[in-house]
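File shown: structure_22.txt. Contents: compact mmCIF, C-alpha atoms.
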# COMPACT_ATOMS: atom_id res chain seq x y z
CA MET A 1252 15.23 49.82 0.84
CA ASN A 1253 15.91 46.16 1.57
CA ILE A 1254 19.42 45.64 0.25
CA HIS A 1255 20.56 44.50 3.68
CA ARG A 1256 17.87 41.89 4.01
CA ASN A 1257 18.09 39.91 0.77
CA PHE A 1258 21.51 38.37 0.65
CA LEU A 1259 22.71 37.27 -2.75
CA GLU A 1260 25.33 34.62 -3.39
CA ASP A 1261 28.14 35.77 -5.63
CA ASP A 1262 30.14 34.13 -8.44
CA ASP A 1263 33.87 33.77 -8.78
CA ASN A 1264 34.21 37.20 -10.34
CA ASP A 1265 32.21 38.95 -7.59
CA THR A 1266 29.76 39.97 -10.28
CA ALA A 1267 26.77 40.15 -7.95
CA LEU A 1268 28.68 42.49 -5.69
CA PHE A 1269 29.47 44.92 -8.50
CA GLU A 1270 25.94 44.64 -9.91
CA ARG A 1271 24.55 45.58 -6.50
CA LEU A 1272 26.99 48.43 -6.23
CA GLN A 1273 25.88 49.64 -9.65
CA GLN A 1274 22.24 49.43 -8.59
CA MET A 1275 23.01 51.48 -5.50
CA VAL A 1276 24.84 54.15 -7.48
CA LEU A 1277 21.98 54.37 -10.00
CA GLN A 1278 19.46 54.80 -7.21
CA ASN A 1279 21.34 57.11 -4.90
CA CYS A 1280 23.85 59.15 -6.84
CA PRO A 1281 22.10 61.23 -9.53
CA ASN A 1282 24.34 63.80 -11.16
CA PRO A 1283 22.21 65.44 -13.86
CA GLU A 1284 24.53 68.43 -14.09
CA ARG A 1285 27.40 66.03 -14.80
CA ILE A 1286 29.66 67.61 -12.21
CA GLY A 1287 33.12 66.04 -12.24
CA CYS A 1288 32.32 63.56 -15.00
CA PRO A 1289 35.12 62.27 -17.26
CA SER A 1290 34.61 62.92 -20.97
CA PRO A 1291 32.69 60.36 -23.06
CA SER A 1292 35.90 59.50 -24.91
CA ILE A 1293 37.64 58.65 -21.62
CA LEU A 1294 34.74 56.45 -20.59
CA LYS A 1295 34.79 54.70 -23.97
CA ALA A 1296 38.54 54.14 -23.77
CA PHE A 1297 38.09 52.82 -20.24
CA VAL A 1298 35.55 50.21 -21.32
CA ASP A 1299 37.64 49.27 -24.37
CA ASP A 1300 40.88 48.94 -22.42
CA PRO A 1301 40.62 49.71 -18.69
CA VAL A 1302 44.36 49.57 -18.07
CA SER A 1303 44.98 52.33 -20.62
CA VAL A 1304 43.00 54.87 -18.58
CA SER A 1305 44.40 56.06 -15.26
CA PRO A 1306 42.29 56.63 -12.15
CA ALA A 1307 43.19 60.33 -12.38
CA GLU A 1308 41.63 60.52 -15.86
CA LEU A 1309 38.50 58.95 -14.38
CA ASN A 1310 38.49 61.59 -11.65
CA ASP A 1311 39.41 58.96 -9.08
CA LEU A 1312 36.31 57.27 -7.63
CA HIS A 1313 33.84 59.43 -9.52
CA ILE A 1314 32.17 56.62 -11.47
CA LEU A 1315 31.32 54.93 -8.16
CA LYS A 1316 29.42 58.04 -7.15
CA CYS A 1317 27.74 59.07 -10.40
CA ALA A 1318 24.56 57.51 -11.79
CA GLU A 1319 25.02 59.26 -15.16
CA CYS A 1320 28.52 57.88 -15.74
CA THR A 1321 27.35 54.47 -14.58
CA ARG A 1322 24.55 54.57 -17.15
CA GLU A 1323 26.99 55.59 -19.87
CA LEU A 1324 29.34 52.76 -18.93
CA MET A 1325 26.44 50.30 -19.06
CA ALA A 1326 25.54 51.51 -22.55
CA LEU A 1327 29.15 51.27 -23.70
CA ARG A 1328 29.46 47.74 -22.34
CA ALA A 1329 26.21 46.77 -24.02
CA LYS A 1330 27.53 48.08 -27.33
CA LEU A 1331 30.59 45.91 -26.93
CA GLY A 1332 28.41 42.94 -26.10
CA PHE A 1333 29.62 42.68 -22.49
CA GLU A 1334 26.06 42.55 -21.16
CA MET B 139 2.06 85.26 47.15
CA ASN B 140 3.73 86.49 44.00
CA ILE B 141 7.41 86.14 43.18
CA SER B 142 8.74 88.07 40.25
CA TYR B 143 11.60 86.67 38.14
CA ALA B 144 13.11 89.17 35.73
CA GLY B 145 9.86 90.84 35.02
CA GLU B 146 7.76 87.61 35.00
CA CYS B 147 5.10 87.02 37.54
CA MET B 148 4.57 83.55 39.05
CA THR B 149 1.12 83.04 40.50
CA SER B 150 0.86 81.38 43.92
CA PRO B 151 0.95 78.60 44.87
CA SER B 152 3.57 77.03 42.64
CA PRO B 153 6.14 74.42 43.71
CA SER B 154 8.77 77.14 43.52
CA ASP B 155 6.90 79.25 46.01
CA LEU B 156 6.56 76.29 48.35
CA LEU B 157 10.27 75.68 48.15
CA TRP B 158 10.91 79.22 49.27
CA VAL B 159 8.53 78.95 52.19
CA ILE B 160 8.79 75.42 53.54
CA GLY B 161 11.63 73.77 51.65
CA PHE B 162 14.36 75.25 53.81
CA LYS B 163 15.05 74.13 57.35
CA PRO B 164 15.59 76.82 60.03
CA GLN B 165 19.34 76.11 60.18
CA GLY B 166 19.56 76.72 56.45
CA ARG B 167 17.89 80.12 56.55
CA TRP B 168 21.07 81.86 55.41
CA ILE B 169 20.70 80.00 52.13
CA VAL B 170 17.31 81.48 51.22
CA PRO B 171 18.28 85.04 50.25
CA LEU B 172 21.35 83.84 48.40
CA VAL B 173 19.48 81.23 46.37
CA ARG B 174 16.67 83.70 45.70
CA GLU B 175 19.18 86.20 44.32
CA ALA B 176 20.95 83.52 42.34
CA VAL B 177 17.67 82.34 40.78
CA ARG B 178 16.71 85.89 39.83
CA ALA B 179 20.09 86.42 38.21
CA GLU B 180 20.18 83.07 36.42
CA TRP B 181 16.53 82.86 35.31
CA PRO B 182 16.88 84.74 31.98
CA LEU B 183 19.82 82.52 31.02
CA ALA B 184 17.93 79.43 32.19
CA ARG B 185 15.07 80.28 29.84
CA THR B 186 17.49 80.78 26.97
CA ILE B 187 19.15 77.42 27.69
CA ALA B 188 15.77 75.67 27.77
CA ARG B 189 14.77 77.24 24.44
CA ALA B 190 18.08 76.27 22.84
CA GLN B 191 18.36 72.75 24.25
CA LEU B 192 14.74 71.65 24.57
CA GLY B 193 13.02 73.70 21.90
CA ASP B 194 10.87 75.78 24.28
CA GLU B 195 10.62 77.06 27.86
CA MET B 196 7.82 74.76 29.00
CA LEU B 197 10.00 72.79 31.39
CA ALA B 198 12.35 75.59 32.43
CA ARG B 199 10.55 76.32 35.70
CA GLU B 200 10.29 72.66 36.68
CA LEU B 201 13.96 72.09 35.92
CA MET B 202 14.92 75.22 37.86
CA GLU B 203 13.01 73.86 40.84
CA THR B 204 15.03 70.66 40.67
CA ALA B 205 18.19 72.75 40.52
CA ILE B 206 17.05 74.84 43.50
CA GLU B 207 16.47 71.71 45.58
CA GLN B 208 19.86 70.30 44.68
CA THR B 209 21.57 73.63 45.32
CA HIS B 210 19.90 73.83 48.71
CA GLU B 211 21.01 70.31 49.61
CA TYR B 212 24.54 71.12 48.59
CA LEU B 213 24.70 74.45 50.39
CA ALA B 214 23.28 72.96 53.58
CA SER B 215 26.55 71.12 54.07
CA GLN B 216 28.71 74.13 53.21
CA SER B 217 29.83 77.31 54.94
CA PRO B 218 28.10 80.53 53.82
CA MET B 219 29.40 81.77 50.48
CA ALA B 220 29.01 84.70 48.10
CA VAL B 221 26.10 84.86 45.67
CA GLU B 222 28.44 84.39 42.70
CA GLY B 223 29.38 80.97 44.04
CA VAL B 224 25.72 80.06 44.55
CA ARG B 225 24.91 81.17 41.01
CA LYS B 226 27.62 78.91 39.65
CA ILE B 227 26.30 75.92 41.61
CA LEU B 228 22.69 76.62 40.64
CA ASN B 229 23.69 77.00 37.00
CA THR B 230 25.53 73.68 37.03
CA TYR B 231 22.57 71.83 38.56
CA TYR B 232 20.19 73.48 36.12
CA LYS B 233 22.28 72.51 33.10
CA ASN B 234 22.48 68.94 34.39
CA ALA B 235 18.70 68.88 34.73
CA VAL B 236 18.34 70.13 31.15
CA ARG B 237 20.74 67.45 29.92
CA ARG B 238 18.78 64.75 31.74
CA GLN B 239 15.58 66.04 30.18
CA GLN B 240 17.23 65.98 26.75
CA ARG B 241 18.20 62.35 27.22
CA ILE B 242 14.68 61.45 28.30
CA SER B 243 13.23 63.23 25.27
CA SER B 244 15.62 61.54 22.85
CA ARG B 245 14.76 58.11 24.28
CA LEU B 246 11.11 58.87 23.75
CA VAL B 247 11.69 59.89 20.15
CA LEU B 248 13.64 56.72 19.37
CA ARG B 249 10.98 54.35 20.66
CA GLY B 250 9.07 52.42 18.02
CA SER B 251 10.09 50.25 15.11
CA GLY B 252 12.13 51.17 12.05
CA ALA B 253 8.92 51.05 10.05
CA ASP B 254 7.41 53.67 12.36
CA LEU B 255 10.38 55.93 11.83
CA GLU B 256 10.20 55.47 8.04
CA LEU B 257 6.52 56.34 8.21
CA LEU B 258 7.28 59.46 10.23
CA ALA B 259 10.05 60.69 7.93
CA PRO B 260 9.52 59.26 4.44
CA SER B 261 10.70 62.37 2.61
CA VAL B 262 14.06 62.41 4.37
CA GLN B 263 15.02 58.79 3.69
CA PRO B 264 16.01 58.92 0.01
CA VAL B 265 18.28 61.88 0.70
CA THR B 266 20.03 60.14 3.61
CA ASN B 267 20.44 56.94 1.58
CA GLY B 268 22.21 58.93 -1.10
CA ILE B 269 24.49 60.56 1.41
CA ASP B 270 25.26 57.19 3.02
CA ALA B 271 26.12 55.61 -0.33
CA ARG B 272 28.50 58.43 -1.22
CA LEU B 273 30.13 58.39 2.17
CA ASP B 274 30.52 54.64 2.14
CA VAL B 275 32.44 54.49 -1.10
CA ASP B 276 34.80 57.19 0.06
CA SER B 277 35.37 55.60 3.44
CA ILE B 278 35.58 52.04 2.14
CA LEU B 279 38.31 52.96 -0.34
CA ARG B 280 40.03 55.65 1.74
CA ASP B 281 43.14 53.52 2.48
CA THR B 282 43.20 51.68 -0.82
CA SER B 283 46.25 52.05 -3.04
CA THR B 284 45.89 53.73 -6.43
CA GLU B 285 46.62 50.45 -8.18
CA MET B 286 43.95 48.59 -6.26
CA ARG B 287 41.46 51.42 -6.83
CA HIS B 288 42.17 51.07 -10.53
CA VAL B 289 41.47 47.35 -10.32
CA LEU B 290 38.17 47.91 -8.52
CA LEU B 291 37.16 50.64 -10.96
CA ALA B 292 37.90 48.28 -13.86
CA ARG B 293 35.79 45.55 -12.27
CA TYR B 294 32.98 48.02 -11.66
CA GLY B 295 33.07 50.18 -14.77
CA ALA B 296 34.37 47.84 -17.46
CA ARG B 297 33.43 44.49 -15.87
CA THR B 298 36.96 43.30 -16.51
CA GLY B 299 37.35 39.83 -15.04
CA TRP B 300 39.78 39.19 -12.20
CA ASP B 301 41.71 36.82 -14.51
CA GLU B 302 42.25 39.51 -17.12
CA LEU B 303 43.24 42.09 -14.52
CA ALA B 304 45.67 39.61 -12.99
CA LYS B 305 47.23 39.01 -16.39
CA ASN B 306 47.68 42.74 -16.95
CA LEU B 307 49.28 43.16 -13.55
CA ASN B 308 51.44 40.03 -13.78
CA THR B 309 49.92 38.45 -10.74
CA SER B 310 47.27 35.87 -9.88
CA LYS B 311 43.54 36.32 -9.55
CA ASP B 312 43.66 35.18 -5.94
CA ALA B 313 46.45 37.64 -5.18
CA ILE B 314 44.37 40.52 -6.51
CA ARG B 315 41.27 39.46 -4.64
CA MET B 316 43.30 38.96 -1.49
CA ALA B 317 44.83 42.42 -1.85
CA SER B 318 41.38 43.96 -2.13
CA ARG B 319 39.76 41.59 0.37
CA ARG B 320 39.11 44.28 2.99
CA GLU B 321 37.40 46.56 0.48
CA LEU B 322 35.39 43.72 -1.04
CA GLU B 323 34.32 42.61 2.41
CA ARG B 324 33.20 46.10 3.36
CA LEU B 325 31.23 46.38 0.13
CA ARG B 326 29.66 42.97 0.71
CA ASN B 327 28.57 43.90 4.19
CA ARG B 328 27.17 47.20 3.02
CA LEU B 329 25.33 45.72 0.03
CA GLY B 330 24.30 42.36 1.47
CA VAL B 331 26.08 40.09 -0.99
CA GLN B 332 27.54 36.79 0.19
CA GLN B 333 30.79 35.49 -1.15
CA ARG B 334 30.67 32.14 -2.89
CA ARG B 335 32.27 29.48 -0.70
CA LYS B 336 35.23 27.74 -2.29
CA LYS B 337 35.10 23.99 -2.70
CA LYS B 338 37.32 22.12 -0.26
CA ASP B 339 39.47 20.54 -2.99
CA SER B 340 40.43 23.97 -4.33
CA ASP B 341 41.50 25.26 -0.89
Starting from the file, lay out its structure as structure tokens.
Amino acid sequence: MNIHRNFLEDDDNDTALFERLQQMVLQNCPNPERIGCPSPSILKAFVDDPVSVSPAELNDLHILKCAECTRELMALRAKLGFE
Amino acid sequence: MNISYAGECMTSPSPSDLLWVIGFKPQGRWIVPLVREAVRAEWPLARTIARAQLGDEMLARELMETAIEQTHEYLASQSPMAVEGVRKILNTYYKNAVRRQQRISSRLVLRGSGADLELLAPSVQPVTNGIDARLDVDSILRDTSTEMRHVLLARYGARTGWDELAKNLNTSKDAIRMASRRELERLRNRLGVQQRRKKKDSD
């Protein structure tokens, strides 16, 4: 894996950083049994209005450690035209 | 000459045998029976230590010989003592010899390039990468406040812009980024992403 070798310059929103983080989660954190995942409705509410969903409802840092939730969030964002 | 250690038979001549016969000076003759008894008593444990620490017993005899030499040198400057004391000294020198051997072995294993290591253990790498990634997120955000975690989760999961988050939290974008600077920096270092340099007129 060469993530340390190819440095990428970021924008003002640190988008590249979060994209890289997402890539890392997708590659390294499979969770096919969906252990600890928030419900789909929580994830949808989170994408619609992030402030309305508390970290506890998201199971704290879970989405940063779950490829399945990350994929769902990507799909939800795509639906809303974020990506 | 044959010397038996705990039921094992060493065939002559081995370095150990030579130590017994010519390694001791006449004035150190009192040491010989004590060391012999100590070696006999410690040998089964020495084999066990070699198996546990080095993976097998191949070097146990050689390391015991080193320990015998060192024990002899030490005892030569001491007054006669009981066999229990000699056993303790022999055991200490033997364990030191095993530790030295362990260090030598680990240095040998680590020689070579990263590519060589990847080639040697390709099936292990994806698993360790996964573990590292999980550990990193937990350690990077271990001291982060709940509010700041929420901000980072919103940036990650919902791609909410810093401006929007700042508006929701009644603060400025720079204040939010400054508050999460340590975490962002750790993530950048881990993921190899450089921060965009600000123009001088905006500083």
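The smallest atom-to-atom distance between Leu1315 of chain A and any of B:Ala198, B:Thr282, B:Val275, B:Ser318, using only C-alpha atoms, is found for B:Val275.
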task = Between B:Leu325, B:Leu201, B:Ile278, B:Ala214, single out the one closest to chain A, counting all atoms listed in the file.
result =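 Going through B:Leu325, B:Leu201, B:Ile278, B:Ala214 one by one, the smallest distance to chain A is for B:Leu325.
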message = Taking all atoms listed in the file into account, name the residue in B:Thr186, B:Gln239, B:Ser215, B:Ser283 that is nearest to Ala317 of chain B.
response =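 So, comparing all the options, the nearest one is B:Ser283.
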Atom CA of Gln240 of chain B to atom CA of Arg178 of chain B, straight-line distance in Å =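 Calculated distance between atom CA of Arg178 of chain B and atom CA of Gln240 of chain B is 23.8 Å.
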request  = Give me the residues within 12 Å of Asn234 of chain B as a ChimeraX atom specification, counting all atoms listed in the file and dropping any in the same chain fewer than 2 places off.
outcome  = /B:184,187-188,191,201-202,204-205,208-209,227-232,236-241
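Counting from atom CA of Asn1282 of chain A, the distance to atom CA of Tyr294 of chain B is 18.0 Å.
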query = So how many Å separate atom CA of Arg1285 of chain A and atom CA of Leu322 of chain B, to one decimal?
reply =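 Computing the Euclidean distance for atom CA of Arg1285 of chain A and atom CA of Leu322 of chain B yields 27.4 Å.
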request  = Kindly indicate which residue among A:Leu1309, A:Thr1321, A:Ala1326, A:Ile1286 lies nearest to Phe1269 of chain A, using all atoms listed in the file for the distances.
outcome  = A:Thr1321
query = With distances taken over all atoms listed in the file, which of B:Arg328, B:Glu200, B:Glu175, B:Glu321 is nearest to Asp281 of chain B?
reply =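 Of B:Arg328, B:Glu200, B:Glu175, B:Glu321, the one nearest Asp281 of chain B is B:Glu321, counting all atoms listed in the file.
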Surrounding residues of Cys1317 of chain A excluding itself and chain neighbours under 2 positions, 7 Å, only C-alpha atoms, as a JSON list (two decimals) with C-alpha atoms, keeping the file's coordinate frame:
[["chain", "number", "residue", "atom", "x", "y", "z"],
["A", 1276, "VAL", "CA", 24.84, 54.15, -7.48],
["A", 1280, "CYS", "CA", 23.85, 59.15, -6.84],
["A", 1281, "PRO", "CA", 22.10, 61.23, -9.53],
["A", 1282, "ASN", "CA", 24.34, 63.80, -11.16],
["A", 1313, "HIS", "CA", 33.84, 59.43, -9.52],
["A", 1314, "ILE", "CA", 32.17, 56.62, -11.47],
["A", 1315, "LEU", "CA", 31.32, 54.93, -8.16],
["A", 1319, "GLU", "CA", 25.02, 59.26, -15.16],
["A", 1320, "CYS", "CA", 28.52, 57.88, -15.74],
["A", 1321, "THR", "CA", 27.35, 54.47, -14.58]]
inquiry  = For a quick check of understanding, using all atoms listed in the file, which of A:Lys1295, A:Lys1316, A:Lys1330, A:Arg1322 has the smallest distance to chain B?
reply    =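 Answer, going by the shortest atom-to-atom distance: A:Lys1316.
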key: Test item: residues at most 10 Å from His288 of chain B, all atoms listed in the file, excluding those fewer than 4 positions along its chain, as a list of chain:residue names   = A:Pro1301, A:Val1302, A:Val1304, A:Ser1305, A:Pro1306, A:Ala1307, A:Leu1309, A:Asp1311, A:Leu1312, B:Thr282, B:Ser283, B:Thr284, B:Ala292, B:Arg293, B:Tyr294, B:Leu303
